[in-house]
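Here the structure is laid out as structure tokens; the discussion comes afterwards.
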Amino acid sequence: MIKVLTIAGSDSCGGAGIQADLKTFSALGTYGMSVITAVTAQNTRGVFNVRELDQEIIRDQISAIFEDIQVDAVKIGMVSSAAIIETIGESLLKNKAQNIVVDPVMVSKSGCALLQPEAREALIRVLLPLAEVVTPNLFEAEVITETKIATLDEMEKAAVAINKLGAKNVVVKGGHLKGDAIDVLYSEKAFRHFGSGRVATPHTHGTGCTFSSAIAASLAKGCPVEEAVARAKEYIGGAIAHSFPLGRGVGPTHHFYQYYRDTNR
Ligand SMILES: Nc1ncnc2c1ncn2[C@@H]1O[C@H](COP(=O)(O)OP(=O)(O)OP(=O)(O)O)[C@@H](O)[C@H]1O
Ligand SMILES: Cc1ncc(COP(=O)(O)O)c(N)n1
């Protein structure tokens, strides 16, 4: 059995965060495990409260898993504070975690801060050097590189800059581009673009969580990075195409086990 761990925040309405990650792992035929960093009270219309867990229980969750189970890949999502980032960094280094995918979540689609602005420095310093793959969206790449990004050329330049900060492979996601949704991968000094038409739907809650978890699941299966990103792009395209209205706001992507059954990958 392939085993994948998510370290992220809980989303009570199930569209993003830990819940989206575990659904993705299952849909891709892997066994999912979770370390919760924070609990959010959120629905399709917004985030109404956030409660961080303390460092001790975060450290103990990670230890409990690694001392007992061999983890094939780790996805990191909402980390909330600098103190939590330090704890995660220390614990993953101590346990020699492999295949780490960092989704540098900063702000929810509804506009709520999921990372304290003063924790951005810690995210860059501690988590980027641990990342086999990092998956910033346009806004996150702008914050990390302190530049404006609106074109594919600027996405490529940002990917190189983020690689220099320590992340081995960088995917700058184009979900928020004007026009097609094109993601830019910078890996081993080469660029590759993963394009798709834009699915015309307002229901994109949790797209970034799903995409990074799909990359982690494929890395865990032993896929090379480029293949893992290609598969994740295919998976998220299908999950967005099957997204649906839930509640009165931005609905979630749909995780479909048929994908794994039909493609067996
Ligand atoms: N409407 C869309 N149609 C097709 N693909 C999309 C669409 N929106 C996003 N994507 C794809 O979904 C993935 C996630 O990209 P996005 O830029 O939305 O991430 P994100 O902003 O981090 O998501 P989140 O806000 O959920 O954290 C990327 O592969 C992107 O190309
Ligand atoms: C716990 C948690 N993690 C991540 C997101 C980002 O997802 P989105 O940008 O789609 O709101 C979220 N809303 N909640």
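Every chain in the structure tokens has a letter given in the order shown (A, B, ...), and although residue numbers restart at 1 in each chain, ligands are simply numbered from 1 in the order shown.
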
Check your understanding: Using only C-alpha atoms, which residues sit within 10 Å of Gln19 in chain A once same-chain residues fewer than 3 positions away are excluded, as a list in words?
Key ->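 Residues meeting the cut-off are Thr6, Ala8, Gly9, Ser10, Asp11, Ser12, Cys13, Gly14, Gly15, Ala16, Leu22, Lys23, Thr24, Ser34, Gly206, Cys209 and Thr210 of chain A.
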
Since we have the selection now, will you write its residues out, keeping C-alpha atoms, as a tab-separated table (two decimals), in the first residue's frame?
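File produced: selection_29.tsv:
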```
chain	number	residue	atom	x	y	z
A	6	THR	CA	-1.05	15.59	4.66
A	8	ALA	CA	-2.69	20.96	6.83
A	9	GLY	CA	-5.74	22.71	8.25
A	10	SER	CA	-9.23	21.25	8.60
A	11	ASP	CA	-12.01	22.72	6.42
A	12	SER	CA	-15.37	22.00	8.09
A	13	CYS	CA	-17.27	22.09	4.78
A	14	GLY	CA	-14.95	19.46	3.30
A	15	GLY	CA	-13.96	21.22	0.07
A	16	ALA	CA	-10.36	22.20	0.86
A	22	LEU	CA	-7.63	12.77	2.03
A	23	LYS	CA	-10.30	12.49	-0.67
A	24	THR	CA	-7.65	13.00	-3.35
A	34	SER	CA	-3.28	13.49	8.44
A	206	GLY	CA	-10.00	23.52	-2.88
A	209	CYS	CA	-5.20	21.55	-2.17
A	210	THR	CA	-6.37	18.85	-4.58
```

Exercise for review: Compute the set of protein, DNA and RNA residues whose minimum atom distance to ligand 1 is at most 7 Å, using only C-alpha atoms and all ligand atoms, and state it as a ChimeraX atom specification.
Suggested key: /A:16,105,108-109,136-138,173-176,181-183,196-201,204-209,211,233,236-237,240

Point to revise | Close residues, range 80-88 of chain A itself excluded, 9 Å, only C-alpha atoms, min 4 positions apart in chain, as a VMD selection string | key: chain A and resid 7 9 37 to 38 52 to 56 58 to 59 62 92 to 93 105 to 106 113 to 123 126 to 127

File of the preceding selection, N, CA and C atoms, as a short mmCIF file (atom, residue, chain, number, x, y, z; two decimals), in the first residue's frame:
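Saved result, out21.cif, follows:
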```
data_model
loop_
_atom_site.label_atom_id
_atom_site.label_comp_id
_atom_site.auth_asym_id
_atom_site.auth_seq_id
_atom_site.Cartn_x
_atom_site.Cartn_y
_atom_site.Cartn_z
N ILE A 7 -0.19 17.41 5.99
CA ILE A 7 -0.05 18.26 7.17
C ILE A 7 -0.73 19.57 6.80
N GLY A 9 -4.62 22.28 7.41
CA GLY A 9 -5.74 22.71 8.25
C GLY A 9 -7.01 21.97 7.88
N THR A 37 -3.02 21.02 11.62
CA THR A 37 -2.30 22.18 12.17
C THR A 37 -3.25 23.19 12.80
N ALA A 38 -4.47 23.27 12.22
CA ALA A 38 -5.44 24.27 12.67
C ALA A 38 -6.82 23.80 12.26
N GLU A 52 -5.68 27.56 15.93
CA GLU A 52 -4.44 26.79 15.71
C GLU A 52 -4.28 25.73 16.80
N LEU A 53 -3.69 24.60 16.45
CA LEU A 53 -3.32 23.63 17.48
C LEU A 53 -1.95 24.00 18.02
N ASP A 54 -1.63 23.56 19.26
CA ASP A 54 -0.33 23.96 19.80
C ASP A 54 0.79 23.08 19.24
N GLN A 55 2.02 23.58 19.41
CA GLN A 55 3.18 22.91 18.79
C GLN A 55 3.34 21.47 19.27
N GLU A 56 3.05 21.24 20.56
CA GLU A 56 3.26 19.90 21.12
C GLU A 56 2.40 18.86 20.40
N ILE A 58 1.06 19.06 17.49
CA ILE A 58 1.46 18.92 16.07
C ILE A 58 2.70 18.02 15.98
N ARG A 59 3.67 18.29 16.87
CA ARG A 59 4.89 17.46 16.89
C ARG A 59 4.53 16.00 17.19
N ILE A 62 3.02 14.11 14.27
CA ILE A 62 4.02 13.72 13.27
C ILE A 62 4.85 12.54 13.79
N LEU A 92 10.06 17.02 10.39
CA LEU A 92 10.27 16.33 9.11
C LEU A 92 11.74 16.05 8.87
N LEU A 93 12.61 16.99 9.32
CA LEU A 93 14.05 16.75 9.17
C LEU A 93 14.48 15.58 10.04
N VAL A 105 0.02 27.82 1.09
CA VAL A 105 -1.30 28.43 1.26
C VAL A 105 -1.18 29.72 2.09
N MET A 106 -1.69 30.81 1.57
CA MET A 106 -1.62 32.09 2.30
C MET A 106 -3.00 32.68 2.60
N ALA A 113 -7.04 35.24 5.78
CA ALA A 113 -5.62 34.87 5.93
C ALA A 113 -5.52 33.49 6.58
N LEU A 114 -4.87 32.56 5.89
CA LEU A 114 -4.65 31.21 6.45
C LEU A 114 -3.19 31.05 6.89
N LEU A 115 -2.37 32.06 6.56
CA LEU A 115 -0.99 32.13 7.05
C LEU A 115 -0.82 33.55 7.58
N GLN A 116 -0.36 33.67 8.82
CA GLN A 116 -0.14 35.02 9.35
C GLN A 116 0.92 35.69 8.48
N PRO A 117 0.70 36.94 8.06
CA PRO A 117 1.67 37.61 7.18
C PRO A 117 3.09 37.56 7.75
N GLU A 118 3.23 37.64 9.08
CA GLU A 118 4.58 37.64 9.67
C GLU A 118 5.23 36.25 9.62
N ALA A 119 4.45 35.22 9.20
CA ALA A 119 5.01 33.87 9.09
C ALA A 119 5.56 33.57 7.68
N ARG A 120 5.40 34.53 6.77
CA ARG A 120 5.84 34.28 5.38
C ARG A 120 7.35 34.03 5.32
N GLU A 121 8.10 34.78 6.12
CA GLU A 121 9.57 34.62 6.13
C GLU A 121 9.93 33.19 6.56
N ALA A 122 9.25 32.67 7.58
CA ALA A 122 9.55 31.31 8.07
C ALA A 122 9.19 30.28 7.02
N LEU A 123 8.07 30.50 6.33
CA LEU A 123 7.68 29.55 5.28
C LEU A 123 8.79 29.46 4.22
N VAL A 126 12.16 27.95 6.05
CA VAL A 126 12.13 26.58 6.61
C VAL A 126 11.55 25.57 5.61
N LEU A 127 10.44 25.92 4.97
CA LEU A 127 9.74 24.90 4.17
C LEU A 127 10.24 24.78 2.73
#
```

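When only C-alpha atoms are used to compute distances to Cys112 in chain A, the closest of the residues A:Val172, A:Met78, A:Ala239, A:Ile65 turns out to be A:Met78.
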
Check your understanding: Among range 20-214 of chain A, which ones does DSSP place in strand (DSSP E), written as JSON, numbers by chain?
Key -> {"A": [31, 32, 33, 34, 35, 36, 37, 38, 39, 40, 41, 42, 43, 46, 47, 48, 49, 50, 51, 52, 73, 74, 75, 76, 100, 101, 102, 133, 134, 169, 170, 171, 172, 181, 182, 183, 184, 185, 186, 187, 190, 191, 192, 193, 194, 195, 196]}

Check your understanding: So which one's closest to ligand 2, A:Glu188, A:Asp180, A:Asp153, A:Asp21? Using only C-alpha atoms and all ligand atoms, please.
Key ->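 Of all the options, A:Asp21 lies closest to ligand 2.
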
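Interatomic distance, CA of Gly17 in chain A to CA of Gly179 in chain A: 26.4 Å.
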
**Study point:** Pairwise distance for CA of Arg45 in chain A and CA of Val143 in chain A, rounded to one decimal in Å
**Key:** 24.8 Å

Review point. Running DSSP on the backbone, which parts of range 88-248 of chain A land in alpha helix (DSSP H), as a ChimeraX atom specification?
Key: /A:88-94,120-122,138-145,152-164,207-220,225-241

Revision key, fill the gap. Using only C-alpha atoms, the shortest atom-to-atom distance to Glu146 in chain A among A:Ile162, A:Gly32, A:Ile76, A:Asn43 belongs to A:Ile162

Check your understanding: Quick one, how far is CA of Gly195 in chain A from CA of Asn99 in chain A?
Key -> 24.2 Å

Review point. Using only C-alpha atoms, which residue out of A:Val250, A:Val35, A:Val184, A:Leu177 lies closest to Glu156 in chain A?
Key: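 Closest to Glu156 in chain A, using only C-alpha atoms: A:Val184.
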